[in-house]
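**Q** The following file, entry-v9.cif, comprises mmCIF, C-alpha atoms and all ligand atoms:
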```cif
data_model
loop_
_atom_site.label_atom_id
_atom_site.label_comp_id
_atom_site.auth_asym_id
_atom_site.auth_seq_id
_atom_site.Cartn_x
_atom_site.Cartn_y
_atom_site.Cartn_z
CA MET A 1 111.33 74.62 95.04
CA LYS A 2 108.94 76.51 92.76
CA LYS A 3 110.31 79.58 90.96
CA ILE A 4 109.54 82.65 93.07
CA ASN A 5 107.81 85.34 91.03
CA ASN A 6 106.98 88.93 91.72
CA PHE A 7 103.27 88.13 91.38
CA LEU A 8 101.76 91.45 92.42
CA PRO A 9 101.56 93.24 89.06
CA ASN A 10 99.80 90.21 87.54
CA GLN A 11 97.21 89.62 90.21
CA TYR A 12 94.46 91.67 88.57
CA LYS A 13 94.99 90.44 84.99
CA LEU A 14 92.08 88.00 85.03
CA THR A 15 89.78 90.07 87.18
CA GLU A 16 90.22 93.20 85.05
CA LYS A 17 87.90 91.54 82.54
CA LEU A 18 85.13 91.09 85.09
CA PRO A 19 82.54 93.89 85.08
CA ILE A 20 81.93 93.62 88.86
CA ASN A 21 85.45 93.89 90.17
CA HIS A 22 87.23 94.17 93.49
CA ASN A 23 89.64 96.61 91.85
CA TYR A 24 88.15 100.09 91.37
CA LEU A 25 91.37 102.08 91.02
CA ARG A 26 90.81 103.20 87.42
CA GLU A 27 87.45 104.73 88.35
CA GLN A 28 88.80 106.20 91.55
CA PHE A 29 91.68 107.99 89.86
CA ARG A 30 90.04 108.76 86.50
CA ASN A 31 90.33 112.47 87.17
CA SER A 32 93.57 112.98 89.06
CA ASN A 33 94.46 116.47 87.83
CA LYS A 34 94.56 117.94 91.32
CA ILE A 35 96.88 115.22 92.60
CA PHE A 36 99.16 115.60 89.56
CA HIS A 37 99.25 119.36 90.05
CA GLU A 38 100.27 118.98 93.70
CA ILE A 39 102.95 116.46 92.77
CA LYS A 40 104.23 118.88 90.11
CA MET A 41 104.49 121.60 92.72
CA LEU A 42 106.49 119.20 94.89
CA ASN A 43 109.19 119.37 92.23
CA PHE A 44 109.64 123.03 93.14
CA ASN A 45 109.96 122.68 96.90
CA THR A 46 111.52 119.15 96.67
CA ASP A 47 110.61 117.97 100.17
CA TYR A 48 110.04 114.46 98.84
CA THR A 49 110.57 112.60 102.12
CA LEU A 50 108.80 113.54 105.35
CA GLY A 51 107.78 116.81 103.73
CA LYS A 52 105.26 119.37 104.95
CA LYS A 53 102.43 117.38 103.45
CA VAL A 54 103.36 114.35 105.57
CA ASN A 55 103.13 116.55 108.65
CA SER A 56 99.75 117.97 107.78
CA VAL A 57 98.27 114.58 106.81
CA GLU A 58 99.57 113.11 110.09
CA LYS A 59 97.69 115.82 111.97
CA LYS A 60 94.50 115.11 110.02
CA PHE A 61 94.89 111.37 110.56
CA ALA A 62 95.30 111.84 114.32
CA LYS A 63 92.13 113.92 114.32
CA ILE A 64 89.97 111.41 112.46
CA THR A 65 91.15 108.58 114.71
CA ASN A 66 90.67 110.67 117.90
CA CYS A 67 94.29 110.03 118.90
CA LYS A 68 96.92 112.51 120.01
CA TYR A 69 99.61 111.46 117.55
CA ALA A 70 99.84 109.89 114.08
CA ILE A 71 103.05 108.80 112.37
CA GLY A 72 103.19 108.13 108.62
CA VAL A 73 105.24 105.06 107.71
CA GLY A 74 106.05 102.92 104.68
CA SER A 75 103.24 100.34 105.02
CA GLY A 76 100.68 98.78 107.36
CA THR A 77 103.11 95.94 108.02
CA ASP A 78 105.83 98.39 109.05
CA ALA A 79 103.30 100.17 111.28
CA ILE A 80 102.85 96.94 113.30
CA THR A 81 106.54 95.99 113.31
CA LEU A 82 107.69 99.46 114.36
CA SER A 83 105.03 99.65 117.09
CA LEU A 84 106.15 96.33 118.55
CA LYS A 85 109.83 97.26 118.34
CA SER A 86 109.19 100.63 119.95
CA LEU A 87 107.48 98.90 122.84
CA GLY A 88 110.60 96.81 123.37
CA ILE A 89 109.31 93.52 121.94
CA LYS A 90 112.29 91.36 121.08
CA SER A 91 113.59 87.89 120.42
CA GLY A 92 112.28 85.34 122.93
CA ASP A 93 109.01 87.22 123.53
CA GLU A 94 105.62 85.83 122.58
CA VAL A 95 102.87 87.86 120.93
CA ILE A 96 99.25 86.68 120.75
CA THR A 97 97.28 87.13 117.52
CA PRO A 98 94.39 85.40 115.70
CA SER A 99 95.10 82.39 113.49
CA TYR A 100 92.76 83.87 110.85
CA THR A 101 94.31 87.06 109.49
CA PHE A 102 96.47 88.32 106.62
CA TYR A 103 100.10 87.15 106.57
CA ALA A 104 101.35 90.66 107.37
CA THR A 105 100.08 90.58 110.96
CA VAL A 106 102.20 87.55 111.70
CA GLY A 107 105.09 88.73 109.53
CA ALA A 108 105.24 91.95 111.54
CA ILE A 109 105.40 90.04 114.84
CA VAL A 110 108.19 87.84 113.48
CA GLN A 111 110.08 90.84 112.06
CA ALA A 112 110.02 92.37 115.54
CA GLY A 113 111.82 89.22 116.66
CA ALA A 114 108.95 87.62 118.60
CA LYS A 115 107.16 84.28 118.35
CA PRO A 116 103.55 84.47 117.18
CA VAL A 117 101.12 82.57 119.40
CA PHE A 118 97.81 81.92 117.69
CA VAL A 119 94.32 82.05 119.15
CA ASP A 120 91.15 80.92 117.36
CA ILE A 121 88.47 83.37 116.19
CA SER A 122 84.79 83.63 117.04
CA ASP A 123 81.57 84.28 115.11
CA ASP A 124 82.51 87.88 114.26
CA LEU A 125 85.71 86.58 112.58
CA ASN A 126 87.82 88.41 115.18
CA ILE A 127 90.02 86.89 117.89
CA ASP A 128 88.05 84.80 120.42
CA ILE A 129 88.58 86.80 123.59
CA SER A 130 87.57 83.92 125.85
CA LYS A 131 90.61 81.98 124.60
CA ILE A 132 93.28 84.66 125.00
CA GLU A 133 94.12 84.07 128.67
CA LYS A 134 94.73 80.35 128.15
CA SER A 135 97.48 81.24 125.67
CA ILE A 136 99.38 83.59 127.96
CA THR A 137 102.73 82.31 129.24
CA PRO A 138 105.51 84.05 131.20
CA LYS A 139 107.01 84.96 127.81
CA THR A 140 103.90 86.74 126.50
CA LYS A 141 104.50 90.44 126.05
CA ALA A 142 101.76 91.71 123.74
CA ILE A 143 98.46 91.08 121.98
CA VAL A 144 97.89 92.06 118.34
CA PRO A 145 94.12 91.88 117.74
CA VAL A 146 92.96 92.29 114.13
CA HIS A 147 89.78 94.21 113.27
CA TRP A 148 88.92 91.82 110.47
CA SER A 149 87.21 93.31 107.41
CA GLY A 150 86.59 96.53 109.35
CA GLN A 151 84.72 95.45 112.50
CA ILE A 152 86.40 96.50 115.74
CA CYS A 153 87.21 93.76 118.29
CA ASP A 154 85.87 94.06 121.82
CA MET A 155 88.79 96.27 122.85
CA LYS A 156 87.46 97.05 126.34
CA ASN A 157 87.70 93.39 127.30
CA ILE A 158 91.00 92.85 125.50
CA ARG A 159 92.31 95.84 127.47
CA LYS A 160 91.17 94.23 130.75
CA ILE A 161 93.07 91.03 129.93
CA ALA A 162 96.15 93.01 128.88
CA LYS A 163 96.13 95.10 132.04
CA LYS A 164 95.71 92.10 134.31
CA ASN A 165 98.62 90.31 132.62
CA LYS A 166 100.79 93.39 131.99
CA LEU A 167 100.73 93.06 128.20
CA PHE A 168 101.01 95.67 125.49
CA ILE A 169 98.34 95.96 122.81
CA VAL A 170 99.09 96.87 119.20
CA GLU A 171 95.92 96.90 117.10
CA ASP A 172 96.04 95.70 113.51
CA ALA A 173 93.51 98.24 112.26
CA CYS A 174 94.60 97.91 108.63
CA HIS A 175 90.97 97.20 107.60
CA ALA A 176 89.35 99.55 110.05
CA ILE A 177 89.72 103.21 109.25
CA LYS A 178 86.64 105.08 110.56
CA ALA A 179 85.31 101.91 112.23
CA THR A 180 83.77 102.35 115.69
CA ARG A 181 82.46 100.18 118.50
CA ASP A 182 80.48 101.65 121.41
CA ASN A 183 81.61 105.01 119.98
CA TYR A 184 85.31 104.24 120.37
CA LYS A 185 87.82 103.83 117.56
CA ALA A 186 91.03 101.85 117.13
CA GLY A 187 93.73 103.49 119.24
CA LYS A 188 91.57 104.26 122.29
CA TYR A 189 92.29 101.11 124.34
CA SER A 190 95.74 100.15 123.11
CA ASP A 191 99.32 101.32 122.97
CA SER A 192 98.99 101.91 119.24
CA ALA A 193 96.76 101.16 116.26
CA CYS A 194 98.15 100.47 112.81
CA PHE A 195 96.59 101.33 109.45
CA SER A 196 97.46 100.36 105.88
CA MET A 197 97.07 102.56 102.81
CA HIS A 198 97.67 99.78 100.31
CA PRO A 199 95.94 100.62 96.99
CA LEU A 200 92.82 98.58 97.79
CA LYS A 201 92.30 99.73 101.37
CA ASN A 202 89.42 102.10 102.24
CA LEU A 203 91.96 104.95 102.37
CA ASN A 204 94.61 104.30 99.77
CA VAL A 205 97.67 105.73 98.07
CA TRP A 206 99.55 105.17 94.83
CA GLY A 207 101.74 102.41 96.21
CA ASP A 208 102.41 101.58 99.83
CA GLY A 209 101.90 103.60 102.96
CA GLY A 210 100.71 103.26 106.53
CA PHE A 211 99.91 105.11 109.73
CA ILE A 212 100.42 104.44 113.40
CA VAL A 213 98.25 106.27 115.92
CA THR A 214 98.93 106.49 119.64
CA ASN A 215 98.12 108.56 122.70
CA SER A 216 101.53 107.96 124.26
CA LYS A 217 104.08 110.76 123.81
CA LYS A 218 106.91 108.38 124.70
CA LEU A 219 105.87 105.86 122.05
CA TYR A 220 105.32 108.64 119.51
CA GLU A 221 108.83 110.01 120.02
CA ASN A 222 110.32 106.54 119.82
CA LEU A 223 108.44 105.89 116.58
CA LEU A 224 109.66 109.15 115.05
CA LEU A 225 113.17 107.96 115.73
CA ILE A 226 112.92 104.42 114.45
CA ARG A 227 111.07 105.24 111.24
CA ASN A 228 114.04 107.46 110.28
CA HIS A 229 117.33 105.64 111.01
CA GLY A 230 117.16 106.48 114.73
CA LEU A 231 118.36 110.01 113.95
CA ILE A 232 117.87 112.89 116.38
CA ASN A 233 119.42 115.22 113.81
CA ARG A 234 121.51 114.78 110.70
CA ASP A 235 124.68 113.92 112.64
CA THR A 236 123.41 112.10 115.73
CA CYS A 237 122.04 108.58 115.74
CA LYS A 238 120.40 107.61 119.02
CA VAL A 239 119.58 104.03 118.01
CA PHE A 240 120.46 102.16 114.86
CA ALA A 241 117.22 101.61 113.02
CA GLY A 242 115.72 101.32 109.57
CA ASN A 243 113.91 103.59 107.16
CA SER A 244 110.14 103.50 106.93
CA ARG A 245 109.20 107.06 106.02
CA LEU A 246 105.95 107.95 104.33
CA ASP A 247 106.76 109.55 100.95
CA THR A 248 105.45 113.06 100.45
CA ILE A 249 103.94 111.96 97.12
CA GLN A 250 101.88 109.33 98.93
CA ALA A 251 100.88 111.88 101.55
CA ILE A 252 99.52 114.07 98.73
CA VAL A 253 97.39 111.19 97.44
CA ALA A 254 96.20 110.32 100.97
CA ASP A 255 95.29 113.94 101.64
CA ASN A 256 93.14 114.08 98.51
CA LEU A 257 91.35 110.87 99.45
CA LEU A 258 90.88 111.82 103.10
CA ARG A 259 88.35 114.37 101.84
CA LYS A 260 86.39 111.55 100.23
CA LEU A 261 86.64 109.11 103.13
CA ASN A 262 83.19 109.81 104.60
CA ASN A 263 81.60 109.11 101.24
CA ILE A 264 83.75 106.00 100.65
CA THR A 265 82.82 104.66 104.09
CA SER A 266 79.10 105.35 103.88
CA LYS A 267 78.78 103.79 100.40
CA ARG A 268 80.55 100.62 101.54
CA ILE A 269 78.25 100.41 104.56
CA ARG A 270 75.17 101.02 102.40
CA ASN A 271 76.21 98.27 99.98
CA ALA A 272 76.99 95.81 102.77
CA LYS A 273 73.62 96.44 104.42
CA ILE A 274 71.82 95.57 101.18
CA PHE A 275 73.89 92.39 100.91
CA ASP A 276 73.20 91.50 104.56
CA LYS A 277 69.46 92.00 104.18
CA GLU A 278 69.11 89.97 100.98
CA LEU A 279 71.70 87.27 101.57
CA SER A 280 70.48 86.49 105.09
CA LYS A 281 67.34 85.06 103.40
CA ILE A 282 69.42 82.28 101.82
CA SER A 283 69.82 79.28 104.10
CA GLU A 284 73.18 78.24 102.59
CA ILE A 285 74.70 81.56 103.65
CA ASN A 286 75.97 82.50 107.08
CA ILE A 287 76.64 86.16 107.76
CA PRO A 288 79.32 86.79 110.40
CA LYS A 289 78.08 88.28 113.67
CA ARG A 290 77.55 92.04 113.47
CA PHE A 291 77.42 94.24 116.54
CA LYS A 292 74.56 96.75 116.76
CA ASN A 293 76.59 99.43 118.48
CA SER A 294 79.40 99.34 115.96
CA GLN A 295 80.27 100.93 112.64
CA HIS A 296 81.66 98.11 110.53
CA VAL A 297 83.38 99.74 107.53
CA PHE A 298 83.60 96.71 105.23
CA HIS A 299 87.08 96.85 103.81
CA ILE A 300 85.94 93.50 102.42
CA TYR A 301 82.47 91.93 102.47
CA VAL A 302 83.04 88.41 103.79
CA ILE A 303 80.39 85.72 104.26
CA LYS A 304 80.46 82.00 104.94
CA VAL A 305 78.76 79.89 102.29
CA LYS A 306 78.02 76.28 101.38
CA LYS A 307 79.71 74.90 98.22
CA ARG A 308 82.13 77.84 98.35
CA ASP A 309 84.48 76.86 95.51
CA LYS A 310 81.61 76.09 93.13
CA LEU A 311 79.89 79.37 94.02
CA LYS A 312 83.13 81.25 93.37
CA SER A 313 83.55 79.73 89.88
CA TYR A 314 79.87 80.37 89.13
CA LEU A 315 80.09 84.03 90.14
CA ILE A 316 83.25 84.50 88.08
CA SER A 317 81.45 82.97 85.07
CA LYS A 318 78.77 85.62 85.62
CA GLY A 319 81.31 88.47 85.62
CA ILE A 320 81.55 88.90 89.40
CA ASP A 321 85.01 89.01 90.95
CA ALA A 322 84.40 86.74 93.95
CA LYS A 323 87.56 86.26 96.00
CA ILE A 324 88.74 84.25 98.98
CA HIS A 325 90.27 86.10 101.90
CA TYR A 326 91.96 83.63 102.72
CA PRO A 327 91.97 79.87 102.09
CA VAL A 328 94.62 78.76 104.63
CA PRO A 329 94.89 79.94 108.24
CA MET A 330 98.19 81.20 109.59
CA HIS A 331 99.05 78.17 111.75
CA LEU A 332 98.85 75.86 108.70
CA GLN A 333 101.05 78.00 106.43
CA PRO A 334 104.47 76.58 105.49
CA ALA A 335 106.01 79.61 107.23
CA ALA A 336 104.49 78.46 110.56
CA LYS A 337 105.90 74.94 110.42
CA LYS A 338 108.52 75.59 113.09
CA TYR A 339 105.84 76.54 115.64
CA LYS A 340 104.49 72.97 115.42
CA TYR A 341 100.78 73.71 115.20
CA ARG A 342 98.59 71.02 113.71
CA LYS A 343 95.40 70.73 111.70
CA GLY A 344 92.48 70.92 114.12
CA ASP A 345 94.22 73.27 116.58
CA PHE A 346 91.96 76.19 115.65
CA PRO A 347 88.74 74.67 114.27
CA HIS A 348 86.86 77.92 113.80
CA SER A 349 89.65 79.54 111.74
CA GLU A 350 90.04 76.38 109.71
CA SER A 351 86.35 76.12 108.95
CA VAL A 352 86.15 79.84 108.06
CA CYS A 353 89.06 79.47 105.63
CA LYS A 354 87.19 76.62 103.92
CA ASN A 355 83.90 78.51 103.65
CA VAL A 356 84.50 82.24 103.24
CA ILE A 357 83.96 84.19 100.08
CA SER A 358 84.29 87.96 99.51
CA LEU A 359 82.02 89.98 97.22
CA PRO A 360 82.93 93.39 95.73
CA VAL A 361 81.40 96.01 98.05
CA HIS A 362 83.36 99.21 97.29
CA GLU A 363 81.97 102.66 96.64
CA PHE A 364 81.76 102.25 92.86
CA ILE A 365 79.49 99.20 93.01
CA THR A 366 76.03 100.33 91.89
CA LYS A 367 72.72 99.18 93.32
CA LYS A 368 72.05 97.43 90.01
CA GLN A 369 75.34 95.50 90.32
CA LEU A 370 74.52 94.60 93.92
CA MET A 371 71.10 93.24 92.97
CA TYR A 372 72.64 91.35 90.04
CA THR A 373 75.20 89.75 92.40
CA ILE A 374 72.44 88.82 94.87
CA ASN A 375 70.29 87.30 92.11
CA CYS A 376 73.20 85.28 90.78
CA ILE A 377 73.80 83.84 94.27
CA LYS A 378 70.08 83.04 94.66
CA ASN A 379 70.06 81.32 91.26
CA PHE A 380 73.16 79.30 92.16
CA TYR A 381 71.52 77.81 95.25
CA LYS A 382 68.20 77.18 93.47
CA LYS A 383 69.91 74.87 90.96
C1 LIG A 401 94.88 92.51 108.30
C2 LIG A 401 96.05 93.15 107.61
N1 LIG A 401 97.10 93.51 108.34
C3 LIG A 401 98.18 94.11 107.79
C4 LIG A 401 98.23 94.35 106.45
C5 LIG A 401 99.48 94.95 105.86
O1 LIG A 401 99.33 96.16 105.22
P1 LIG A 401 100.35 96.62 104.10
O2 LIG A 401 100.03 95.87 102.85
O3 LIG A 401 100.11 98.09 103.98
O4 LIG A 401 101.71 96.33 104.59
C6 LIG A 401 97.16 94.00 105.63
C7 LIG A 401 97.21 94.26 104.18
O5 LIG A 401 96.46 93.82 103.39
C8 LIG A 401 96.04 93.37 106.23
O6 LIG A 401 95.00 92.97 105.48
#
```
The structure in this file should be written as structure tokens.
**A**
Amino acid sequence: MKKINNFLPNQYKLTEKLPINHNYLREQFRNSNKIFHEIKMLNFNTDYTLGKKVNSVEKKFAKITNCKYAIGVGSGTDAITLSLKSLGIKSGDEVITPSYTFYATVGAIVQAGAKPVFVDISDDLNIDISKIEKSITPKTKAIVPVHWSGQICDMKNIRKIAKKNKLFIVEDACHAIKATRDNYKAGKYSDSACFSMHPLKNLNVWGDGGFIVTNSKKLYENLLLIRNHGLINRDTCKVFAGNSRLDTIQAIVADNLLRKLNNITSKRIRNAKIFDKELSKISEINIPKRFKNSQHVFHIYVIKVKKRDKLKSYLISKGIDAKIHYPVPMHLQPAAKKYKYRKGDFPHSESVCKNVISLPVHEFITKKQLMYTINCIKNFYKK
């Protein structure tokens, strides 16, 4: 077995040198005096865990997602796991999710004790709704749709399927803060929606953090318990549970960035629209289906391209941090071996994994950098 490394701190080493980068954190936090001041003040009142700031940011988060309740937790992954556990998902249950997603979606289902059951995706890179019902068995208890790259799934129809089959819905909205579809947001048609504040998400913190939003008081109260050892008060434990509290320090960072979220979102959308317009003129490029009545917030800008690996190397040689999110679908990962899926089971996911590329689209990318990226891609296909 290969040596297992803690790879995370090294992952930006190469890309740091690229002028057009996916990582914008240095620019974003260049002037952090206000955040540092608030953290300094925290040393006086010392409510480091689940402090007042966590409470106030939870209220703001509930408001921007149009949900009654928001609960700050340790990560987006924990948000999904805790939601599933709070709904009573347990060992022996099956949970439906797309085969094209980030590992955390599936990891969260497995951590809750359930078996992930994969469904292929469609042209919008989200779960193919027409294939969900065929995957339902007597053991199915929930659906975890993923709003990939920041475009909301057709939640009204997923809700219909869930209602008919008595299934819970936990939305993986880790890419989708401020995304809308037909004027609704994640959290409207589900039991809960889960958000990540990983450093490179649209709303980020200085480490890990996440939010769960829900309109159910019962679920909210359950979540408050199980994010904090199952404690009702210091001396009474109602259920034995873990610890996934949002740190007050991270809540301070989130609060400061919440004020910038409209600007972050609109710049990403502006950049993506320029990419869409220009790149759709290139026959070797296929832009995933966009819905007119939706606000896609472009956590990542993903397109399908011909000669993907060569294009990626070419763009890197031109100083552009092209990335692949992600090269292998979930059902073909070593971790999924025991579920006995095979190559060819989910052709759309498999083909997407072979052809997708992501281009930097964040709020610090300038129009000049966008046009440069577009011209490099045009030149690549002319050769
Ligand atoms: C689709 C998706 N779901 C869940 C997560 C997990 O979020 P976190 O890293 O905060 O645990 C991520 C993180 O990148 C993600 O991309």
**Q** Residues up to 9 Å from ligand LIG 401 (chain A), counting only C-alpha atoms and all ligand atoms: could you list those as a CSV table (one decimal) with C-alpha atoms, in the coordinates of the input?
**A**
```
chain,number,residue,atom,x,y,z
A,74,GLY,CA,106.0,102.9,104.7
A,75,SER,CA,103.2,100.3,105.0
A,76,GLY,CA,100.7,98.8,107.4
A,77,THR,CA,103.1,95.9,108.0
A,78,ASP,CA,105.8,98.4,109.0
A,79,ALA,CA,103.3,100.2,111.3
A,80,ILE,CA,102.8,96.9,113.3
A,101,THR,CA,94.3,87.1,109.5
A,102,PHE,CA,96.5,88.3,106.6
A,103,TYR,CA,100.1,87.2,106.6
A,104,ALA,CA,101.4,90.7,107.4
A,105,THR,CA,100.1,90.6,111.0
A,106,VAL,CA,102.2,87.6,111.7
A,107,GLY,CA,105.1,88.7,109.5
A,108,ALA,CA,105.2,92.0,111.5
A,146,VAL,CA,93.0,92.3,114.1
A,147,HIS,CA,89.8,94.2,113.3
A,148,TRP,CA,88.9,91.8,110.5
A,149,SER,CA,87.2,93.3,107.4
A,172,ASP,CA,96.0,95.7,113.5
A,173,ALA,CA,93.5,98.2,112.3
A,174,CYS,CA,94.6,97.9,108.6
A,175,HIS,CA,91.0,97.2,107.6
A,194,CYS,CA,98.2,100.5,112.8
A,195,PHE,CA,96.6,101.3,109.4
A,196,SER,CA,97.5,100.4,105.9
A,197,MET,CA,97.1,102.6,102.8
A,198,HIS,CA,97.7,99.8,100.3
A,199,PRO,CA,95.9,100.6,97.0
A,200,LEU,CA,92.8,98.6,97.8
A,201,LYS,CA,92.3,99.7,101.4
A,208,ASP,CA,102.4,101.6,99.8
A,209,GLY,CA,101.9,103.6,103.0
A,210,GLY,CA,100.7,103.3,106.5
A,299,HIS,CA,87.1,96.8,103.8
```
**Q** Could you check the closest approach to Gln28 of chain A for each of A:Asn157, A:Gln111, A:Asn202, A:Ser122 and tell me which residue wins, using only C-alpha atoms?
**A** A:Asn202
**Q** Name the closest residue to Gln151 of chain A among the candidates A:Ala272, A:Ala179, A:Cys353, A:Ala335; distances are taken between atoms, counting only C-alpha atoms.
**A**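 That would be A:Ala179, the residue with the smallest distance to Gln151 of chain A.
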**Q** Would you pick out the contacts of segment 132-141 of chain A at 12 Å or less, using all atoms listed in the file, so that residues sharing its chain but fewer than 2 positions from it are not included, and give the list as a ChimeraX atom specification?
**A** /A:84-85,87-99,109,113-122,126-130,143-145,157-170
**Q** Emit the selected residues as a compact mmCIF listing (two decimals), in the frame of the given file, including C-alpha atoms.
**A**
```txt
# COMPACT_ATOMS: atom_id res chain seq x y z
CA LEU A 84 106.15 96.33 118.55
CA LYS A 85 109.83 97.26 118.34
CA LEU A 87 107.48 98.90 122.84
CA GLY A 88 110.60 96.81 123.37
CA ILE A 89 109.31 93.52 121.94
CA LYS A 90 112.29 91.36 121.08
CA SER A 91 113.59 87.89 120.42
CA GLY A 92 112.28 85.34 122.93
CA ASP A 93 109.01 87.22 123.53
CA GLU A 94 105.62 85.83 122.58
CA VAL A 95 102.87 87.86 120.93
CA ILE A 96 99.25 86.68 120.75
CA THR A 97 97.28 87.13 117.52
CA PRO A 98 94.39 85.40 115.70
CA SER A 99 95.10 82.39 113.49
CA ILE A 109 105.40 90.04 114.84
CA GLY A 113 111.82 89.22 116.66
CA ALA A 114 108.95 87.62 118.60
CA LYS A 115 107.16 84.28 118.35
CA PRO A 116 103.55 84.47 117.18
CA VAL A 117 101.12 82.57 119.40
CA PHE A 118 97.81 81.92 117.69
CA VAL A 119 94.32 82.05 119.15
CA ASP A 120 91.15 80.92 117.36
CA ILE A 121 88.47 83.37 116.19
CA SER A 122 84.79 83.63 117.04
CA ASN A 126 87.82 88.41 115.18
CA ILE A 127 90.02 86.89 117.89
CA ASP A 128 88.05 84.80 120.42
CA ILE A 129 88.58 86.80 123.59
CA SER A 130 87.57 83.92 125.85
CA ILE A 143 98.46 91.08 121.98
CA VAL A 144 97.89 92.06 118.34
CA PRO A 145 94.12 91.88 117.74
CA ASN A 157 87.70 93.39 127.30
CA ILE A 158 91.00 92.85 125.50
CA ARG A 159 92.31 95.84 127.47
CA LYS A 160 91.17 94.23 130.75
CA ILE A 161 93.07 91.03 129.93
CA ALA A 162 96.15 93.01 128.88
CA LYS A 163 96.13 95.10 132.04
CA LYS A 164 95.71 92.10 134.31
CA ASN A 165 98.62 90.31 132.62
CA LYS A 166 100.79 93.39 131.99
CA LEU A 167 100.73 93.06 128.20
CA PHE A 168 101.01 95.67 125.49
CA ILE A 169 98.34 95.96 122.81
CA VAL A 170 99.09 96.87 119.20
```
**Q** What is the distance, in Å and to one decimal place, between atom CA of Ser83 of chain A and atom CA of Lys217 of chain A?
**A**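 Separation of atom CA of Ser83 of chain A and atom CA of Lys217 of chain A: 13.0 Å.
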**Q** One decimal, Å: what's the distance from atom CA of Thr49 of chain A over to atom CA of Tyr24 of chain A, could you say?
**A**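 Computing the Euclidean distance for atom CA of Thr49 of chain A and atom CA of Tyr24 of chain A yields 27.8 Å.
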